[in-house]
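Trainee: Supplied structure: run-v1.cif, mmCIF, C-alpha atoms.
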data_data
#
loop_
_atom_site.label_atom_id
_atom_site.label_comp_id
_atom_site.auth_asym_id
_atom_site.auth_seq_id
_atom_site.Cartn_x
_atom_site.Cartn_y
_atom_site.Cartn_z
CA MET A 855 70.76 58.45 71.56
CA ALA A 856 68.83 61.35 70.11
CA LYS A 857 66.98 61.82 73.41
CA LYS A 858 70.22 62.26 75.36
CA THR A 859 71.33 64.96 72.92
CA VAL A 860 68.03 66.83 73.32
CA ASN A 861 68.20 66.59 77.13
CA ARG A 862 71.80 67.78 77.06
CA LYS A 863 70.84 70.79 74.94
CA LYS A 864 67.98 71.63 77.33
CA ALA A 865 70.31 71.35 80.28
CA LEU A 866 72.86 73.62 78.61
CA ARG A 867 70.18 76.18 77.72
CA LYS A 868 68.89 76.14 81.30
CA GLU A 869 72.41 76.51 82.66
CA ALA A 870 73.07 79.44 80.32
CA ALA A 871 69.83 81.13 81.38
CA ASP A 872 70.72 80.66 85.05
CA LEU A 873 74.15 82.19 84.47
CA ARG A 874 72.63 85.19 82.65
CA ARG A 875 70.16 85.71 85.51
CA LYS A 876 72.90 85.50 88.15
CA ALA A 877 75.12 87.87 86.16
CA GLY A 878 72.23 90.33 85.90
CA GLN A 879 71.72 90.18 89.68
CA LYS A 880 75.42 90.82 90.29
CA ILE A 881 75.39 93.74 87.87
CA GLU A 882 72.38 95.21 89.67
CA ARG A 883 74.22 94.96 93.02
CA VAL A 884 77.32 96.63 91.56
CA VAL A 885 75.26 99.41 90.00
CA LYS A 886 73.47 100.00 93.29
CA ALA A 887 76.79 100.13 95.17
CA VAL A 888 78.21 102.60 92.64
CA GLU A 889 75.11 104.78 92.94
CA GLU A 890 75.36 104.80 96.76
CA ALA A 891 79.11 105.49 96.88
CA PRO A 892 78.94 109.28 96.35
CA GLN A 893 76.36 109.56 99.12
CA LYS A 894 78.64 107.69 101.53
CA VAL A 895 81.61 109.87 100.60
CA ALA A 896 79.57 113.07 100.77
CA SER A 897 78.45 112.22 104.30
CA THR A 898 82.07 112.35 105.51
CA ILE A 899 82.99 115.56 103.67
CA THR A 900 81.77 118.97 104.68
CA THR A 901 80.91 121.09 101.68
CA SER A 902 81.17 124.65 102.93
CA PHE A 903 83.91 126.57 104.68
CA GLU A 904 81.42 127.58 107.37
CA ALA A 905 80.65 123.94 108.19
CA PHE A 906 84.38 123.11 108.16
CA SER A 907 85.26 125.99 110.47
CA ASN A 908 82.52 124.93 112.92
CA ILE A 909 84.00 121.47 113.52
CA LYS A 910 84.50 121.38 117.28
CA GLU A 911 87.93 119.71 117.05
CA LEU A 912 89.19 122.72 115.08
CA ALA A 913 87.96 125.30 117.59
CA GLY A 914 90.70 127.69 118.63
CA LEU A 915 92.60 127.60 115.34
CA PRO A 916 92.82 130.94 113.55
CA GLU A 917 90.43 131.38 110.62
CA ALA A 918 93.35 132.04 108.28
CA ARG A 919 94.78 128.57 109.05
CA LEU A 920 91.39 126.97 108.52
CA LYS A 921 91.05 128.76 105.16
CA THR A 922 94.47 127.46 104.13
CA PHE A 923 93.45 123.89 104.95
CA TYR A 924 90.09 124.28 103.22
CA GLU A 925 91.60 125.77 100.06
CA GLU A 926 94.03 122.84 99.87
CA GLY A 927 91.14 120.37 99.91
CA ILE A 928 91.17 119.46 103.59
CA THR A 929 87.44 119.72 104.20
CA SER A 930 86.98 117.19 106.99
CA LEU A 931 88.88 115.68 109.90
CA GLU A 932 89.36 112.48 107.89
CA ALA A 933 91.16 114.47 105.18
CA PHE A 934 94.01 115.30 107.57
CA ALA A 935 94.89 111.58 107.56
CA THR A 936 95.88 111.85 103.89
CA TRP A 937 98.53 114.51 104.61
CA THR A 938 101.89 114.14 106.33
CA GLU A 939 103.14 116.70 108.82
CA LYS A 940 105.84 117.70 106.35
CA GLU A 941 103.26 118.35 103.62
CA LEU A 942 101.18 120.47 106.00
CA LEU A 943 104.22 122.45 107.09
CA ALA A 944 104.86 123.31 103.43
CA LEU A 945 101.52 125.15 103.27
CA LYS A 946 101.58 128.92 103.62
CA GLY A 947 101.01 130.02 107.21
CA ILE A 948 101.18 126.54 108.71
CA GLY A 949 103.98 126.05 111.20
CA PRO A 950 105.01 123.73 114.01
CA ALA A 951 102.67 125.47 116.45
CA THR A 952 99.66 124.72 114.25
CA ILE A 953 100.71 121.08 113.89
CA LYS A 954 101.11 120.86 117.66
CA GLN A 955 97.62 122.31 118.18
CA LEU A 956 96.14 119.80 115.76
CA LYS A 957 97.89 116.91 117.51
CA GLU A 958 96.65 118.11 120.89
CA LYS A 959 93.11 118.06 119.50
CA GLY A 960 93.58 114.42 118.52
CA ILE A 961 93.91 114.89 114.77
CA ASP A 962 96.02 112.20 113.10
CA PHE A 963 98.26 112.61 110.07
CA LYS A 964 99.62 110.22 107.46
CA ALA A 965 102.84 108.59 108.62
#
Mind turning the file's structure into C-alpha cells?
Mentor:
Amino acid sequence: MAKKTVNRKKALRKEAADLRRKAGQKIERVVKAVEEAPQKVASTITTSFEAFSNIKELAGLPEARLKTFYEEGITSLEAFATWTEKELLALKGIGPATIKQLKEKGIDFKA
C-alpha cells in the first residue's frame, strides 16, 4: 500500500508541474498580446493633424471643420463610427451640410 501512496504523490506532483507550465505559457501569450495591442491601435489612428487632414476621404472639407473633428478626438475614419450624427451636429461649426458631405464620402456614424 505504501507504493501506491508514493506513486500517487508523484503523479500529483507531475500534474501540478504540468499545470504550472501551462499557466506560464498562457501568461506569456497574454503578456505578448497586451504588448502588441497598442501597436495595433496606433496603426489605425493618425497622430498628427497634418496626417488627418490628408486622408483622401476628407478632401474637400474645410480645414476649420477638420480641426474641430481633430480637437474632439476624431483622428481617423474609424473614429467617426463612435459618434452619432446628433453628437457631431453639437460640435461648433458642424452643420447638416458637413454631415451630408461626410455621408457622400462614405463615412459611417454610430446609429
Trainee: Between CA of Gly914 in chain A and CA of Ile953 in chain A, what distance in Å does the model show, to one decimal?
Mentor: 12.9 Å
Trainee: Please enumerate the residues selected by the PyMOL selection byres ((chain A and resi 955-963) around 12) when evaluated against the supplied file, formatted as a ChimeraX atom specification.
Mentor: /A:909-916,919-920,923,928,930-943,948-954,964-965
Trainee: Enter the distance from CA of Tyr924 in chain A to CA of Phe906 in chain A, in Å, rounded to one decimal.
Mentor: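 CA of Tyr924 in chain A sits 7.6 Å away from CA of Phe906 in chain A.
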Trainee: Which residue gives the smallest distance to Lys946 in chain A among A:Thr922, A:Ser907, A:Gln879, A:Ser902, with only C-alpha atoms counted?
Mentor: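 Closest residue, counting only C-alpha atoms: A:Thr922.
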Trainee: For range 910-921 of chain A, supply all heavy atoms and report the output as a PDB file, in the frame of the given file.
Mentor:
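Generated file (part29.pdb):
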ATOM      1  N   LYS A 910      84.068 121.071 115.903  1.00  0.00           N
ATOM      2  CA  LYS A 910      84.500 121.380 117.280  1.00  0.00           C
ATOM      3  C   LYS A 910      85.971 121.064 117.522  1.00  0.00           C
ATOM      4  O   LYS A 910      86.627 121.752 118.301  1.00  0.00           O
ATOM      5  CB  LYS A 910      83.618 120.663 118.296  1.00  0.00           C
ATOM      6  CG  LYS A 910      83.767 119.160 118.320  1.00  0.00           C
ATOM      7  CD  LYS A 910      82.915 118.540 119.404  1.00  0.00           C
ATOM      8  CE  LYS A 910      83.159 117.041 119.406  1.00  0.00           C
ATOM      9  NZ  LYS A 910      82.541 116.383 120.513  1.00  0.00           N
ATOM     10  N   GLU A 911      86.524 120.057 116.849  1.00  0.00           N
ATOM     11  CA  GLU A 911      87.930 119.710 117.050  1.00  0.00           C
ATOM     12  C   GLU A 911      88.869 120.800 116.515  1.00  0.00           C
ATOM     13  O   GLU A 911      90.028 120.857 116.894  1.00  0.00           O
ATOM     14  CB  GLU A 911      88.269 118.372 116.373  1.00  0.00           C
ATOM     15  CG  GLU A 911      87.708 117.154 117.095  1.00  0.00           C
ATOM     16  CD  GLU A 911      86.261 116.846 116.703  1.00  0.00           C
ATOM     17  OE1 GLU A 911      85.621 117.669 116.016  1.00  0.00           O
ATOM     18  OE2 GLU A 911      85.767 115.792 117.107  1.00  0.00           O
ATOM     19  N   LEU A 912      88.366 121.661 115.653  1.00  0.00           N
ATOM     20  CA  LEU A 912      89.190 122.720 115.080  1.00  0.00           C
ATOM     21  C   LEU A 912      89.007 124.057 115.794  1.00  0.00           C
ATOM     22  O   LEU A 912      89.611 125.063 115.412  1.00  0.00           O
ATOM     23  CB  LEU A 912      88.877 122.884 113.584  1.00  0.00           C
ATOM     24  CG  LEU A 912      89.124 121.654 112.720  1.00  0.00           C
ATOM     25  CD1 LEU A 912      88.700 121.920 111.289  1.00  0.00           C
ATOM     26  CD2 LEU A 912      90.578 121.226 112.783  1.00  0.00           C
ATOM     27  N   ALA A 913      88.191 124.068 116.829  1.00  0.00           N
ATOM     28  CA  ALA A 913      87.960 125.300 117.590  1.00  0.00           C
ATOM     29  C   ALA A 913      89.284 125.803 118.159  1.00  0.00           C
ATOM     30  O   ALA A 913      90.121 125.031 118.622  1.00  0.00           O
ATOM     31  CB  ALA A 913      86.960 125.046 118.708  1.00  0.00           C
ATOM     32  N   GLY A 914      89.483 127.094 118.090  1.00  0.00           N
ATOM     33  CA  GLY A 914      90.700 127.690 118.630  1.00  0.00           C
ATOM     34  C   GLY A 914      91.768 127.947 117.580  1.00  0.00           C
ATOM     35  O   GLY A 914      92.714 128.682 117.833  1.00  0.00           O
ATOM     36  N   LEU A 915      91.637 127.334 116.417  1.00  0.00           N
ATOM     37  CA  LEU A 915      92.600 127.600 115.340  1.00  0.00           C
ATOM     38  C   LEU A 915      92.187 128.886 114.625  1.00  0.00           C
ATOM     39  O   LEU A 915      91.003 129.129 114.417  1.00  0.00           O
ATOM     40  CB  LEU A 915      92.628 126.455 114.333  1.00  0.00           C
ATOM     41  CG  LEU A 915      93.279 125.158 114.793  1.00  0.00           C
ATOM     42  CD1 LEU A 915      93.075 124.072 113.744  1.00  0.00           C
ATOM     43  CD2 LEU A 915      94.754 125.363 115.038  1.00  0.00           C
ATOM     44  N   PRO A 916      93.148 129.710 114.259  1.00  0.00           N
ATOM     45  CA  PRO A 916      92.820 130.940 113.550  1.00  0.00           C
ATOM     46  C   PRO A 916      92.102 130.659 112.224  1.00  0.00           C
ATOM     47  O   PRO A 916      92.379 129.666 111.548  1.00  0.00           O
ATOM     48  CB  PRO A 916      94.185 131.583 113.294  1.00  0.00           C
ATOM     49  CG  PRO A 916      95.116 130.936 114.251  1.00  0.00           C
ATOM     50  CD  PRO A 916      94.582 129.564 114.503  1.00  0.00           C
ATOM     51  N   GLU A 917      91.203 131.557 111.851  1.00  0.00           N
ATOM     52  CA  GLU A 917      90.430 131.380 110.620  1.00  0.00           C
ATOM     53  C   GLU A 917      91.333 131.322 109.390  1.00  0.00           C
ATOM     54  O   GLU A 917      91.056 130.581 108.449  1.00  0.00           O
ATOM     55  CB  GLU A 917      89.425 132.521 110.469  1.00  0.00           C
ATOM     56  CG  GLU A 917      88.481 132.298 109.311  1.00  0.00           C
ATOM     57  CD  GLU A 917      87.385 133.337 109.230  1.00  0.00           C
ATOM     58  OE1 GLU A 917      87.043 133.943 110.255  1.00  0.00           O
ATOM     59  OE2 GLU A 917      86.880 133.523 108.116  1.00  0.00           O
ATOM     60  N   ALA A 918      92.429 132.062 109.424  1.00  0.00           N
ATOM     61  CA  ALA A 918      93.350 132.040 108.280  1.00  0.00           C
ATOM     62  C   ALA A 918      93.935 130.649 108.069  1.00  0.00           C
ATOM     63  O   ALA A 918      94.099 130.203 106.928  1.00  0.00           O
ATOM     64  CB  ALA A 918      94.480 133.052 108.496  1.00  0.00           C
ATOM     65  N   ARG A 919      94.255 129.939 109.169  1.00  0.00           N
ATOM     66  CA  ARG A 919      94.780 128.570 109.050  1.00  0.00           C
ATOM     67  C   ARG A 919      93.715 127.642 108.488  1.00  0.00           C
ATOM     68  O   ARG A 919      93.988 126.805 107.641  1.00  0.00           O
ATOM     69  CB  ARG A 919      95.252 128.025 110.400  1.00  0.00           C
ATOM     70  CG  ARG A 919      96.261 128.811 111.163  1.00  0.00           C
ATOM     71  CD  ARG A 919      97.538 129.065 110.366  1.00  0.00           C
ATOM     72  NE  ARG A 919      98.369 130.023 111.081  1.00  0.00           N
ATOM     73  CZ  ARG A 919      98.314 131.351 110.927  1.00  0.00           C
ATOM     74  NH1 ARG A 919      97.483 131.870 110.075  1.00  0.00           N
ATOM     75  NH2 ARG A 919      99.096 132.144 111.612  1.00  0.00           N
ATOM     76  N   LEU A 920      92.487 127.807 108.995  1.00  0.00           N
ATOM     77  CA  LEU A 920      91.390 126.970 108.520  1.00  0.00           C
ATOM     78  C   LEU A 920      91.144 127.202 107.024  1.00  0.00           C
ATOM     79  O   LEU A 920      90.899 126.254 106.278  1.00  0.00           O
ATOM     80  CB  LEU A 920      90.118 127.241 109.317  1.00  0.00           C
ATOM     81  CG  LEU A 920      90.178 126.863 110.809  1.00  0.00           C
ATOM     82  CD1 LEU A 920      88.899 127.289 111.506  1.00  0.00           C
ATOM     83  CD2 LEU A 920      90.443 125.392 110.994  1.00  0.00           C
ATOM     84  N   LYS A 921      91.230 128.456 106.581  1.00  0.00           N
ATOM     85  CA  LYS A 921      91.050 128.760 105.160  1.00  0.00           C
ATOM     86  C   LYS A 921      92.143 128.091 104.328  1.00  0.00           C
ATOM     87  O   LYS A 921      91.885 127.575 103.244  1.00  0.00           O
ATOM     88  CB  LYS A 921      91.057 130.269 104.923  1.00  0.00           C
ATOM     89  CG  LYS A 921      89.737 130.912 105.190  1.00  0.00           C
ATOM     90  CD  LYS A 921      89.738 132.360 104.760  1.00  0.00           C
ATOM     91  CE  LYS A 921      88.355 132.933 105.028  1.00  0.00           C
ATOM     92  NZ  LYS A 921      88.236 134.315 104.610  1.00  0.00           N
TER      93      LYS A 921
END
